file protein_29.txt (compact mmCIF, C-alpha atoms and all ligand atoms)
# COMPACT_ATOMS: atom_id res chain seq x y z
CA MET A 1 -134.25 -82.49 117.39
CA THR A 2 -135.85 -79.15 118.19
CA GLU A 3 -134.14 -77.12 120.87
CA THR A 4 -136.43 -75.87 123.60
CA CYS A 5 -136.97 -72.19 123.19
CA ASN A 6 -135.71 -71.16 126.61
CA SER A 7 -132.89 -73.65 127.11
CA HIS A 8 -130.16 -71.14 126.26
CA LEU A 9 -132.25 -68.06 125.73
CA THR A 10 -130.23 -65.97 128.20
CA ARG A 11 -127.06 -66.41 126.13
CA ARG A 12 -129.02 -66.10 122.94
CA ARG A 13 -131.26 -63.16 123.52
CA PHE A 14 -129.60 -60.76 125.90
CA GLY A 15 -125.89 -61.58 125.92
CA GLN A 16 -123.77 -61.63 129.04
CA GLY A 17 -124.15 -57.92 129.58
CA ALA A 18 -127.80 -58.22 130.45
CA LEU A 19 -127.01 -60.33 133.45
CA ALA A 20 -124.62 -57.78 134.93
CA MET A 21 -125.97 -54.86 136.89
CA GLY A 22 -125.36 -52.08 134.38
CA ALA A 23 -124.84 -48.37 134.93
CA ALA A 24 -127.96 -46.23 135.25
CA VAL A 25 -129.29 -45.06 131.90
CA ALA A 26 -128.61 -41.38 131.14
CA LEU A 27 -132.12 -40.04 130.59
CA PRO A 28 -132.71 -37.49 127.81
CA GLY A 29 -133.52 -33.95 128.91
CA TRP A 30 -137.10 -34.31 127.75
CA LEU A 31 -137.71 -37.21 130.07
CA ARG A 32 -136.54 -37.41 133.64
CA ALA A 33 -137.13 -40.36 135.97
CA SER A 34 -139.80 -38.28 137.73
CA ASP A 35 -141.52 -37.87 134.37
CA GLY A 36 -142.08 -41.58 133.98
CA ALA A 37 -145.79 -40.84 133.59
CA VAL A 38 -147.44 -39.85 130.31
CA PRO A 39 -149.75 -36.79 130.16
CA ALA A 40 -153.28 -38.01 130.90
CA ASN A 41 -154.71 -36.15 127.92
CA LEU A 42 -152.09 -37.35 125.42
CA ASN A 43 -153.57 -37.66 121.93
CA ILE A 44 -152.50 -40.94 120.33
CA SER A 45 -155.09 -41.40 117.57
CA ALA A 46 -155.33 -40.46 113.89
CA GLY A 47 -152.69 -37.85 113.10
CA ASP A 48 -151.07 -38.35 116.53
CA SER A 49 -150.60 -42.11 116.06
CA LEU A 50 -147.28 -43.85 115.49
CA ARG A 51 -148.69 -45.01 112.18
CA ALA A 52 -149.43 -41.47 110.97
CA HIS A 53 -146.09 -40.06 112.11
CA ALA A 54 -144.26 -42.90 110.35
CA ALA A 55 -146.30 -42.66 107.15
CA ALA A 56 -145.76 -38.90 106.93
CA ARG A 57 -142.03 -39.62 106.81
CA GLY A 58 -142.12 -42.56 104.41
CA LEU A 59 -141.54 -45.07 107.21
CA LEU A 60 -143.41 -48.18 108.25
CA TYR A 61 -144.00 -48.68 111.97
CA GLY A 62 -145.62 -51.88 113.09
CA VAL A 63 -146.11 -54.61 115.62
CA ALA A 64 -146.09 -58.36 116.12
CA VAL A 65 -149.65 -59.60 116.52
CA ASN A 66 -151.47 -62.66 117.81
CA PRO A 67 -154.28 -63.02 115.25
CA ALA A 68 -156.39 -65.02 117.72
CA LEU A 69 -156.75 -61.86 119.82
CA LEU A 70 -158.10 -59.76 116.94
CA ASP A 71 -161.84 -59.07 116.55
CA VAL A 72 -161.62 -59.22 112.76
CA ASP A 73 -165.36 -59.57 112.13
CA GLY A 74 -166.15 -56.68 114.48
CA PHE A 75 -163.48 -54.56 112.86
CA SER A 76 -164.77 -55.49 109.43
CA ALA A 77 -168.26 -54.31 110.44
CA GLY A 78 -166.71 -51.08 111.72
CA ALA A 79 -168.01 -51.89 115.19
CA THR A 80 -165.27 -53.51 117.24
CA SER A 81 -165.09 -52.55 120.89
CA ASP A 82 -161.96 -54.62 121.40
CA GLY A 83 -159.16 -52.35 122.62
CA TYR A 84 -156.33 -54.53 121.30
CA THR A 85 -157.88 -54.70 117.82
CA ARG A 86 -158.42 -50.95 117.71
CA LEU A 87 -154.90 -50.23 118.92
CA VAL A 88 -153.23 -52.47 116.34
CA ALA A 89 -155.29 -50.94 113.54
CA GLU A 90 -154.70 -47.39 114.76
CA GLN A 91 -150.99 -47.52 115.50
CA ALA A 92 -149.43 -49.84 112.88
CA ASN A 93 -149.03 -49.59 109.13
CA ILE A 94 -147.28 -52.97 109.01
CA VAL A 95 -147.94 -56.11 111.03
CA VAL A 96 -146.28 -59.50 111.50
CA ALA A 97 -147.59 -62.70 113.08
CA GLU A 98 -145.74 -63.37 116.33
CA ASN A 99 -146.26 -67.12 115.91
CA ALA A 100 -149.05 -67.90 113.44
CA MET A 101 -146.81 -68.08 110.36
CA LYS A 102 -144.11 -70.25 111.86
CA TRP A 103 -143.96 -73.95 111.04
CA ALA A 104 -145.66 -74.78 114.37
CA GLY A 105 -148.46 -72.35 113.55
CA LEU A 106 -149.05 -73.61 110.02
CA ARG A 107 -148.25 -77.29 110.05
CA PRO A 108 -150.49 -79.47 112.23
CA SER A 109 -148.97 -82.52 110.52
CA ALA A 110 -146.26 -83.36 107.99
CA GLY A 111 -148.92 -83.71 105.33
CA SER A 112 -151.10 -80.69 106.07
CA PHE A 113 -151.20 -76.90 106.33
CA ASP A 114 -153.57 -74.79 108.43
CA PHE A 115 -153.64 -71.17 107.27
CA SER A 116 -156.65 -70.18 109.36
CA GLN A 117 -154.85 -67.96 111.88
CA ALA A 118 -152.43 -66.51 109.36
CA ASP A 119 -155.31 -65.77 106.98
CA ARG A 120 -157.08 -63.95 109.81
CA LEU A 121 -154.12 -61.63 110.10
CA MET A 122 -153.91 -61.18 106.34
CA ARG A 123 -157.62 -60.27 106.25
CA PHE A 124 -157.21 -57.85 109.13
CA ALA A 125 -154.18 -56.20 107.50
CA GLN A 126 -156.13 -55.75 104.28
CA LEU A 127 -159.09 -54.22 106.16
CA ALA A 128 -156.79 -51.94 108.14
CA GLY A 129 -154.73 -50.89 105.11
CA GLN A 130 -151.58 -52.42 106.57
CA ARG A 131 -148.61 -54.22 105.01
CA LEU A 132 -147.84 -57.74 106.24
CA ARG A 133 -144.43 -59.20 107.07
CA GLY A 134 -143.99 -62.97 106.95
CA HIS A 135 -142.16 -64.57 109.88
CA ASN A 136 -140.59 -67.05 109.19
CA LEU A 137 -139.95 -69.70 106.56
CA CYS A 138 -136.96 -71.46 108.14
CA TRP A 139 -135.88 -71.47 111.79
CA HIS A 140 -134.51 -73.99 114.27
CA GLU A 141 -137.27 -73.07 116.77
CA GLY A 142 -141.02 -72.80 116.33
CA LEU A 143 -141.02 -76.25 114.72
CA PRO A 144 -143.97 -78.60 115.22
CA ALA A 145 -143.57 -81.68 117.41
CA TRP A 146 -143.73 -84.03 114.39
CA PHE A 147 -140.66 -82.44 112.82
CA LYS A 148 -138.02 -84.18 114.93
CA THR A 149 -139.48 -87.63 114.24
CA THR A 150 -140.20 -86.97 110.57
CA ALA A 151 -137.32 -84.95 109.12
CA THR A 152 -134.35 -86.94 107.83
CA LYS A 153 -131.30 -86.22 105.70
CA ASP A 154 -133.19 -87.80 102.81
CA ASN A 155 -136.39 -85.74 103.02
CA ALA A 156 -135.32 -82.45 104.63
CA ARG A 157 -134.62 -80.61 101.35
CA LEU A 158 -138.07 -81.53 100.03
CA LEU A 159 -139.70 -80.72 103.40
CA LEU A 160 -138.12 -77.25 103.31
CA THR A 161 -138.80 -76.43 99.66
CA GLN A 162 -142.38 -77.74 99.73
CA HIS A 163 -143.07 -75.68 102.88
CA ILE A 164 -141.70 -72.49 101.36
CA GLN A 165 -143.38 -73.05 97.99
CA THR A 166 -146.75 -73.67 99.67
CA VAL A 167 -146.61 -70.89 102.27
CA ALA A 168 -144.94 -68.16 100.20
CA GLY A 169 -147.10 -69.25 97.27
CA HIS A 170 -150.27 -68.97 99.37
CA TYR A 171 -149.51 -65.30 100.07
CA ARG A 172 -147.87 -64.52 96.73
CA GLY A 173 -147.95 -60.80 95.99
CA GLN A 174 -149.36 -59.91 99.43
CA ILE A 175 -146.26 -59.95 101.63
CA HIS A 176 -144.09 -56.87 102.21
CA SER A 177 -141.11 -59.00 103.25
CA TRP A 178 -140.40 -62.53 104.40
CA ASP A 179 -138.00 -63.51 107.15
CA VAL A 180 -136.80 -66.34 104.94
CA VAL A 181 -134.21 -67.66 107.37
CA ASN A 182 -134.13 -66.72 111.06
CA GLU A 183 -131.11 -66.89 113.38
CA ALA A 184 -128.79 -69.09 111.32
CA VAL A 185 -125.59 -67.56 112.75
CA GLU A 186 -124.23 -68.60 116.15
CA PRO A 187 -120.44 -68.21 116.53
CA ALA A 188 -120.60 -69.92 119.94
CA ASP A 189 -121.33 -73.18 118.08
CA GLY A 190 -117.71 -73.06 116.92
CA ARG A 191 -118.00 -73.54 113.17
CA PRO A 192 -115.51 -71.61 110.99
CA ASP A 193 -118.44 -70.20 108.99
CA GLY A 194 -120.14 -69.11 112.24
CA LEU A 195 -123.32 -71.02 111.37
CA ARG A 196 -125.60 -72.36 114.09
CA LYS A 197 -125.68 -76.16 114.40
CA SER A 198 -129.41 -76.14 113.67
CA PRO A 199 -131.50 -79.12 112.54
CA TRP A 200 -131.53 -77.64 109.03
CA LEU A 201 -127.74 -77.48 108.93
CA GLU A 202 -127.42 -81.04 110.21
CA LEU A 203 -130.00 -82.41 107.81
CA ILE A 204 -129.18 -80.46 104.61
CA GLY A 205 -125.82 -78.78 105.15
CA PRO A 206 -124.94 -75.06 104.99
CA GLU A 207 -126.56 -74.78 101.57
CA TYR A 208 -130.00 -74.88 103.26
CA ILE A 209 -129.88 -71.10 103.64
CA GLU A 210 -129.38 -70.36 99.94
CA LEU A 211 -131.93 -73.06 99.05
CA ALA A 212 -134.50 -71.30 101.25
CA PHE A 213 -133.89 -67.92 99.63
CA GLN A 214 -133.92 -69.25 96.06
CA THR A 215 -137.16 -71.16 96.76
CA ALA A 216 -138.81 -68.12 98.34
CA ALA A 217 -137.81 -65.90 95.42
CA ALA A 218 -139.43 -68.29 92.98
CA ALA A 219 -142.57 -68.62 95.11
CA ASP A 220 -143.09 -64.88 95.59
CA PRO A 221 -140.99 -62.63 93.34
CA GLN A 222 -142.62 -59.52 94.84
CA ALA A 223 -141.72 -60.08 98.49
CA LYS A 224 -138.53 -58.56 99.86
CA LEU A 225 -136.46 -61.45 101.19
CA THR A 226 -134.88 -60.91 104.58
CA TYR A 227 -132.30 -62.63 106.73
CA ASN A 228 -133.29 -61.97 110.38
CA ASP A 229 -131.11 -62.29 113.48
CA TYR A 230 -130.46 -61.03 117.02
CA GLY A 231 -127.40 -60.45 119.19
CA ILE A 232 -125.83 -58.07 116.67
CA GLU A 233 -126.96 -54.79 118.22
CA LEU A 234 -124.56 -54.20 121.10
CA ASP A 235 -120.98 -52.93 121.19
CA THR A 236 -119.60 -56.03 122.91
CA PRO A 237 -116.86 -58.37 121.59
CA GLU A 238 -119.36 -61.26 121.35
CA GLN A 239 -121.84 -59.26 119.31
CA ALA A 240 -119.15 -57.63 117.17
CA ASP A 241 -117.99 -61.15 116.27
CA LYS A 242 -121.53 -62.17 115.34
CA ARG A 243 -122.02 -59.01 113.25
CA GLY A 244 -118.85 -59.90 111.39
CA GLN A 245 -120.05 -63.42 110.66
CA VAL A 246 -123.45 -62.16 109.51
CA LEU A 247 -121.79 -59.65 107.19
CA LEU A 248 -119.63 -62.41 105.71
CA LEU A 249 -122.79 -64.43 105.09
CA LEU A 250 -124.50 -61.48 103.40
CA ARG A 251 -121.43 -60.78 101.26
CA ARG A 252 -121.28 -64.44 100.19
CA PHE A 253 -124.96 -64.25 99.25
CA LYS A 254 -124.45 -61.12 97.17
CA ALA A 255 -121.33 -62.56 95.49
CA ARG A 256 -123.34 -65.62 94.46
CA GLY A 257 -126.42 -63.69 93.35
CA VAL A 258 -128.62 -65.11 96.11
CA PRO A 259 -131.93 -63.16 96.07
CA ILE A 260 -131.82 -61.22 99.36
CA HIS A 261 -133.10 -57.68 99.82
CA ALA A 262 -132.97 -56.88 103.53
CA MET A 263 -131.32 -57.64 106.87
CA GLY A 264 -133.62 -57.92 109.87
CA VAL A 265 -132.06 -56.70 113.12
CA GLN A 266 -134.34 -58.05 115.83
CA SER A 267 -133.41 -55.34 118.40
CA HIS A 268 -134.38 -57.10 121.64
CA LEU A 269 -132.65 -54.47 123.77
CA GLN A 270 -131.86 -54.07 127.46
CA ALA A 271 -132.37 -50.93 129.54
CA ASP A 272 -128.95 -51.21 131.14
CA GLY A 273 -125.66 -52.96 130.59
CA PRO A 274 -123.86 -52.79 127.21
CA GLN A 275 -125.65 -50.64 124.63
CA PRO A 276 -125.76 -50.40 120.83
CA GLY A 277 -123.30 -48.00 119.23
CA ALA A 278 -120.80 -47.51 116.42
CA GLY A 279 -120.62 -51.22 115.66
CA LEU A 280 -124.29 -51.36 114.69
CA GLN A 281 -124.09 -48.10 112.73
CA SER A 282 -121.17 -49.47 110.75
CA PHE A 283 -123.05 -52.74 110.17
CA ILE A 284 -126.07 -50.86 108.78
CA ARG A 285 -123.78 -48.89 106.44
CA GLU A 286 -122.08 -52.08 105.25
CA CYS A 287 -125.55 -53.46 104.48
CA ALA A 288 -126.25 -50.32 102.46
CA LYS A 289 -123.08 -50.97 100.42
CA LEU A 290 -124.53 -54.41 99.64
CA ASP A 291 -127.75 -52.72 98.49
CA LEU A 292 -129.61 -54.20 101.46
CA GLU A 293 -132.30 -52.47 103.46
CA VAL A 294 -132.20 -52.96 107.23
CA TYR A 295 -135.39 -53.55 109.20
CA VAL A 296 -135.78 -53.21 112.96
CA THR A 297 -137.93 -56.31 113.21
CA GLU A 298 -138.66 -57.19 116.88
CA MET A 299 -137.83 -54.23 119.11
CA ASP A 300 -138.53 -54.28 122.82
CA VAL A 301 -136.57 -53.27 125.94
CA ASN A 302 -135.89 -55.61 128.84
CA THR A 303 -135.60 -54.15 132.38
CA HIS A 304 -135.12 -57.35 134.40
CA SER A 305 -131.89 -56.11 135.96
CA LEU A 306 -133.06 -52.55 136.71
CA ALA A 307 -133.57 -52.12 140.46
CA ASP A 308 -135.71 -49.01 140.28
CA GLY A 309 -139.48 -48.72 140.43
CA PRO A 310 -142.06 -48.32 137.65
CA GLU A 311 -141.42 -44.65 136.79
CA ALA A 312 -137.67 -45.14 136.47
CA GLN A 313 -138.29 -48.39 134.55
CA ASP A 314 -140.54 -46.56 132.10
CA ALA A 315 -138.05 -43.72 131.74
CA ALA A 316 -135.19 -46.15 131.09
CA VAL A 317 -137.22 -48.05 128.48
CA ALA A 318 -138.16 -44.79 126.76
CA ALA A 319 -134.58 -43.54 126.80
CA THR A 320 -133.39 -46.82 125.27
CA TYR A 321 -135.99 -46.62 122.48
CA ARG A 322 -135.08 -43.02 121.73
CA LYS A 323 -131.32 -43.54 121.75
CA TYR A 324 -131.51 -46.64 119.57
CA LEU A 325 -133.89 -45.21 116.99
CA ASP A 326 -132.04 -41.88 116.89
CA MET A 327 -129.02 -43.92 115.86
CA VAL A 328 -130.65 -46.18 113.27
CA LEU A 329 -133.31 -43.99 111.67
CA VAL A 330 -130.76 -41.48 110.39
CA GLU A 331 -129.54 -44.27 108.11
CA PRO A 332 -131.41 -43.97 104.79
CA ASN A 333 -131.60 -47.75 104.31
CA VAL A 334 -133.72 -48.25 107.45
CA PRO A 335 -137.37 -47.85 106.36
CA VAL A 336 -139.14 -50.24 108.74
CA VAL A 337 -139.41 -50.46 112.54
CA LEU A 338 -141.51 -53.03 114.35
CA THR A 339 -141.90 -53.67 118.04
CA TRP A 340 -142.37 -57.23 119.22
CA GLY A 341 -145.93 -56.63 120.28
CA ILE A 342 -147.87 -53.45 121.04
CA THR A 343 -148.83 -54.00 124.69
CA SER A 344 -146.94 -55.49 127.62
CA ALA A 345 -150.11 -57.47 128.30
CA HIS A 346 -149.04 -59.95 125.59
CA SER A 347 -145.26 -59.49 125.59
CA TRP A 348 -143.23 -62.69 125.33
CA ILE A 349 -141.02 -61.24 128.07
CA ASN A 350 -143.92 -61.27 130.56
CA GLN A 351 -144.79 -64.83 129.50
CA SER A 352 -141.41 -66.20 130.53
CA ASN A 353 -140.20 -67.31 133.95
CA GLU A 354 -136.56 -67.29 132.87
CA PRO A 355 -134.09 -65.21 134.94
CA TRP A 356 -133.61 -62.81 131.99
CA ALA A 357 -137.34 -61.96 132.13
CA ARG A 358 -138.10 -61.78 135.86
CA ARG A 359 -137.62 -58.50 137.70
CA LYS A 360 -136.34 -58.75 141.28
CA ASP A 361 -139.34 -56.73 142.49
CA GLY A 362 -141.62 -59.24 140.78
CA ALA A 363 -143.22 -56.47 138.75
CA ARG A 364 -144.34 -57.17 135.20
CA GLN A 365 -142.14 -55.62 132.57
CA ARG A 366 -143.26 -52.66 130.45
CA PRO A 367 -141.17 -53.14 127.24
CA LEU A 368 -143.60 -51.76 124.65
CA PRO A 369 -145.42 -48.52 123.68
CA PHE A 370 -148.60 -49.56 125.51
CA ASP A 371 -148.99 -51.07 128.97
CA ASP A 372 -151.11 -53.94 130.34
CA ASN A 373 -154.15 -51.63 130.31
CA LEU A 374 -153.48 -50.47 126.72
CA LYS A 375 -152.41 -47.04 127.98
CA PRO A 376 -149.49 -45.32 126.26
CA THR A 377 -146.15 -45.62 128.07
CA PRO A 378 -143.25 -43.14 127.84
CA ALA A 379 -141.90 -45.52 125.19
CA PHE A 380 -144.81 -44.43 122.99
CA LEU A 381 -143.63 -40.84 123.25
CA ALA A 382 -140.02 -41.86 122.67
CA LEU A 383 -140.97 -43.87 119.57
CA ARG A 384 -143.02 -41.02 118.13
CA GLU A 385 -140.33 -38.43 118.81
CA ALA A 386 -137.62 -40.68 117.33
CA ILE A 387 -139.71 -41.22 114.19
CA ASP A 388 -140.14 -37.44 113.87
CA ALA A 389 -136.45 -36.78 114.47
CA GLY A 390 -135.28 -39.57 112.16
CA ARG A 391 -136.82 -38.47 108.91
CA PRO A 392 -138.16 -35.24 107.37
CA VAL A 393 -141.86 -35.07 106.56
CA ARG A 394 -142.34 -36.10 102.94
CA GLY A 395 -143.78 -33.29 100.77
O1 LIG A 401 -149.73 -72.71 120.73
C1 LIG A 401 -149.21 -73.55 121.78
C2 LIG A 401 -150.33 -74.01 122.69
O2 LIG A 401 -151.22 -74.84 121.94
C3 LIG A 401 -149.75 -74.78 123.87
O3 LIG A 401 -150.77 -75.13 124.75
C4 LIG A 401 -148.72 -73.88 124.58
C5 LIG A 401 -148.08 -74.55 125.76
O4 LIG A 401 -147.14 -75.50 125.30
O5 LIG A 401 -147.67 -73.53 123.64
C6 LIG A 401 -148.20 -72.75 122.58
O6 LIG A 401 -147.16 -72.43 121.70
C7 LIG A 401 -146.27 -71.44 122.22
C8 LIG A 401 -146.23 -70.27 121.21
O7 LIG A 401 -145.26 -69.29 121.63
C9 LIG A 401 -147.59 -69.59 121.09
O8 LIG A 401 -147.94 -69.03 122.32
C10 LIG A 401 -144.87 -72.06 122.30
O9 LIG A 401 -144.88 -73.06 123.32
C11 LIG A 401 -143.84 -70.98 122.66
O10 LIG A 401 -142.53 -71.54 122.57
C12 LIG A 401 -143.93 -69.85 121.63
O11 LIG A 401 -143.02 -68.85 122.04
C13 LIG A 401 -142.71 -67.90 120.99
C14 LIG A 401 -141.23 -68.06 120.61
O12 LIG A 401 -140.87 -67.06 119.65
C15 LIG A 401 -140.94 -69.42 120.01
O13 LIG A 401 -141.65 -69.56 118.80
C16 LIG A 401 -142.97 -66.50 121.53
O14 LIG A 401 -144.37 -66.31 121.74
C17 LIG A 401 -142.47 -65.46 120.53
O15 LIG A 401 -142.59 -64.14 121.07
C18 LIG A 401 -141.01 -65.73 120.19
O16 LIG A 401 -140.62 -64.81 119.21
C19 LIG A 401 -139.26 -64.95 118.76
C20 LIG A 401 -139.24 -64.68 117.27
O17 LIG A 401 -140.11 -65.56 116.60
C21 LIG A 401 -137.81 -64.78 116.73
N1 LIG A 401 -136.93 -63.85 117.45
C22 LIG A 401 -136.94 -64.05 118.92
C23 LIG A 401 -138.35 -63.92 119.45
C24 LIG A 401 -138.38 -64.06 120.97
O18 LIG A 401 -137.94 -65.35 121.32
call {"tool": "encode", "arguments": {"input": "protein_29.txt", "output": "structure tokens"}}
result
Amino acid sequence: MTETCNSHLTRRRFGQGALAMGAAVALPGWLRASDGAVPANLNISAGDSLRAHAAARGLLYGVAVNPALLDVDGFSAGATSDGYTRLVAEQANIVVAENAMKWAGLRPSAGSFDFSQADRLMRFAQLAGQRLRGHNLCWHEGLPAWFKTTATKDNARLLLTQHIQTVAGHYRGQIHSWDVVNEAVEPADGRPDGLRKSPWLELIGPEYIELAFQTAAAADPQAKLTYNDYGIELDTPEQADKRGQVLLLLRRFKARGVPIHAMGVQSHLQADGPQPGAGLQSFIRECAKLDLEVYVTEMDVNTHSLADGPEAQDAAVAATYRKYLDMVLVEPNVPVVLTWGITSAHSWINQSNEPWARRKDGARQRPLPFDDNLKPTPAFLALREAIDAGRPVRG
């Protein structure tokens, strides 16, 4: 019942453009390919952190986190020496569990919940003065092995509502926003409504989406409820079509009074090939007309098809961050930006052997603001400069 995560990931995550050798990225004047390095004495802490620059402008910048890697007790005692823990605390004012709050992370069996890892992250966020995003309450991936042999048309509605009531209820009043439903739109599946032929659709019908949102709203009236998706960032016919279908879904929600507050644009970008542009800007403005905020929820930049070496790779990643955020942060309804991880050492891209993840030179990718050794990359600079350029400092 559950699709394997990587079976069609190429089509899903990076579109056709990513597989074509794209034109070289035009680098901004402040960063040339030869400047792929970051000044050795760059200050990144306290007032120079991404967190501080975002907060000064009323923005939230954050990262996806693996709670198992956090030294929560050490941090609590004010004595952690763990670099990853310190970096997450120092650089983010919002965090999200990369996997710990998915069904597979919470549901060891059909009759039980295990909040241990998710609670670790909640505790850490409280200690670090961070907001917490919930990801996610309903998705066709990240499902536990028992799901496909347990879920039926007769019990799926109860399975879904009990899960949401229990999980969103467990964190009631403590969640900034929930990705209530993730990736429900897939025009390539050929339905007139553009919905993905997911297990939830097959078991419950298209109403599963509204059911999830209504249940989440009742379980946690304070959380902002988000629909999250990918493949809507680029100016390509395929992604323009998907943006259109997502907008129709959002408009149907609003027309029916479905409790939804934000659209999550995952923003898994590529350093070359087709790029985001007017289509995404227009989409964000249409969301504003629907009184929806837009969150950049999972940003990273893939360089698998870039032929150049590490400096040019870094420069291309930085230029992509800057260009994208310059475009989205000028929109007043974009208050949140998260990257899908903080260091390439734990990036999902470097954990995959799929063609869309492997560079021809065999080098590990550097898609995030910190590298494998927790050193700032040019993307760190690009992120900080884009945050500064995107919003005035709040008085
Ligand atoms: O925890 C198990 C472990 O016990 C087991 O030994 C191991 C080998 O089978 O698998 C581990 O689970 C893996 C999990 O990550 C935790 O590492 C899953 O197999 C693996 O499929 C899962 O991949 C995650 C993927 O979502 C699917 O849930 C990636 O880390 C995560 O970065 C990725 O994130 C998604 C977002 O949730 C939604 N948007 C797209 C994004 C990238 O695909």
call {"tool": "atom_distance", "arguments": {"input": "protein_29.txt", "atom1": "atom CA of Ala316 of chain A", "atom2": "atom CA of Gln275 of chain A"}}
result
12.4 Å
call {"tool": "residues_near_ligand", "arguments": {"input": "protein_29.txt", "ligand": "ligand LIG 401 (chain A)", "cutoff": "9 Å", "atoms": "only C-alpha atoms and all ligand atoms", "output": "VMD selection string"}}
result
chain A and resid 4 to 6 9 13 64 66 97 to 100 102 104 to 105 135 to 136 139 141 to 143 182 to 183 228 to 230 266 268 297 to 298 340 to 341 346 to 349 351
call {"tool": "residues_around", "arguments": {"input": "protein_29.txt", "residues": "Gln245 of chain A", "least_positions_apart": "6", "cutoff": "8 Å", "atoms": "only C-alpha atoms", "output": "PyMOL selection string"}}
result
chain A and resi 185+187+193-194
call {"tool": "closest_residue", "arguments": {"input": "protein_29.txt", "among": "A:Ala145, A:Ala389, A:Ala55, A:Leu211", "to": "Pro335 of chain A", "atoms": "all atoms listed in the file"}}
result
A:Ala55
call {"tool": "residues_near_point", "arguments": {"input": "protein_29.txt", "point": "(-118.8, -68.5, 120.7)", "cutoff": "12 Å", "atoms": "all atoms listed in the file", "output": "PyMOL selection string"}}
result
chain A and resi 11-12+15-16+185-196+231+237-242+245
call {"tool": "write_last_selection", "arguments": {"input": "protein_29.txt", "atoms": "C-alpha atoms", "output": "mmCIF file, in the frame of the given file"}}
result
data_model
loop_
_atom_site.group_PDB
_atom_site.id
_atom_site.type_symbol
_atom_site.label_atom_id
_atom_site.label_comp_id
_atom_site.auth_asym_id
_atom_site.auth_seq_id
_atom_site.Cartn_x
_atom_site.Cartn_y
_atom_site.Cartn_z
ATOM 1 C CA ARG A 11 -127.060 -66.410 126.130
ATOM 2 C CA ARG A 12 -129.020 -66.100 122.940
ATOM 3 C CA GLY A 15 -125.890 -61.580 125.920
ATOM 4 C CA GLN A 16 -123.770 -61.630 129.040
ATOM 5 C CA VAL A 185 -125.590 -67.560 112.750
ATOM 6 C CA GLU A 186 -124.230 -68.600 116.150
ATOM 7 C CA PRO A 187 -120.440 -68.210 116.530
ATOM 8 C CA ALA A 188 -120.600 -69.920 119.940
ATOM 9 C CA ASP A 189 -121.330 -73.180 118.080
ATOM 10 C CA GLY A 190 -117.710 -73.060 116.920
ATOM 11 C CA ARG A 191 -118.000 -73.540 113.170
ATOM 12 C CA PRO A 192 -115.510 -71.610 110.990
ATOM 13 C CA ASP A 193 -118.440 -70.200 108.990
ATOM 14 C CA GLY A 194 -120.140 -69.110 112.240
ATOM 15 C CA LEU A 195 -123.320 -71.020 111.370
ATOM 16 C CA ARG A 196 -125.600 -72.360 114.090
ATOM 17 C CA GLY A 231 -127.400 -60.450 119.190
ATOM 18 C CA PRO A 237 -116.860 -58.370 121.590
ATOM 19 C CA GLU A 238 -119.360 -61.260 121.350
ATOM 20 C CA GLN A 239 -121.840 -59.260 119.310
ATOM 21 C CA ALA A 240 -119.150 -57.630 117.170
ATOM 22 C CA ASP A 241 -117.990 -61.150 116.270
ATOM 23 C CA LYS A 242 -121.530 -62.170 115.340
ATOM 24 C CA GLN A 245 -120.050 -63.420 110.660
#
call {"tool": "atom_distance", "arguments": {"input": "protein_29.txt", "atom1": "atom CA of Ile94 of chain A", "atom2": "atom CA of Val328 of chain A"}}
result
18.5 Å
call {"tool": "closest_residue", "arguments": {"input": "protein_29.txt", "among": "A:Lys375, A:Lys323, A:His176, A:Arg157", "to": "Asn93 of chain A", "atoms": "only C-alpha atoms"}}
result
A:His176
call {"tool": "closest_residue", "arguments": {"input": "protein_29.txt", "among": "A:Tyr227, A:Met299, A:Ala168, A:Val181", "to": "Leu368 of chain A", "atoms": "only C-alpha atoms"}}
result
A:Met299
call {"tool": "atom_distance", "arguments": {"input": "protein_29.txt", "atom1": "atom CA of Ala125 of chain A", "atom2": "atom CA of Ala288 of chain A"}}
result
29.0 Å
call {"tool": "closest_residue", "arguments": {"input": "protein_29.txt", "among": "A:Asp361, A:Glu286, A:Asp220, A:Asp272", "to": "Thr320 of chain A", "atoms": "only C-alpha atoms"}}
result
A:Asp272
call {"tool": "closest_residue", "arguments": {"input": "protein_29.txt", "among": "A:Gln281, A:Ser76, A:Gln270, A:Ser177", "to": "Gly134 of chain A", "atoms": "all atoms listed in the file"}}
result
A:Ser177
call {"tool": "residues_around", "arguments": {"input": "protein_29.txt", "residues": "Trp200 of chain A", "least_positions_apart": "6", "cutoff": "9 Å", "atoms": "only C-alpha atoms", "output": "ChimeraX atom specification"}}
result
/A:138-140,156-157,160,206,208-209
call {"tool": "closest_residue", "arguments": {"input": "protein_29.txt", "among": "A:Thr149, A:Thr166, A:Gln91, A:Asn41", "to": "Phe370 of chain A", "atoms": "only C-alpha atoms"}}
result
A:Gln91
call {"tool": "residues_near_point", "arguments": {"input": "protein_29.txt", "point": "(-127.9, -54.8, 122.6)", "cutoff": "6 Å", "atoms": "all atoms listed in the file", "output": "mmCIF file with C-alpha atoms, keeping the file's coordinate frame"}}
result
data_model
loop_
_atom_site.group_PDB
_atom_site.id
_atom_site.type_symbol
_atom_site.label_atom_id
_atom_site.label_comp_id
_atom_site.auth_asym_id
_atom_site.auth_seq_id
_atom_site.Cartn_x
_atom_site.Cartn_y
_atom_site.Cartn_z
ATOM 1 C CA GLU A 233 -126.960 -54.790 118.220
ATOM 2 C CA LEU A 234 -124.560 -54.200 121.100
ATOM 3 C CA LEU A 269 -132.650 -54.470 123.770
ATOM 4 C CA GLN A 275 -125.650 -50.640 124.630
ATOM 5 C CA PRO A 276 -125.760 -50.400 120.830
#
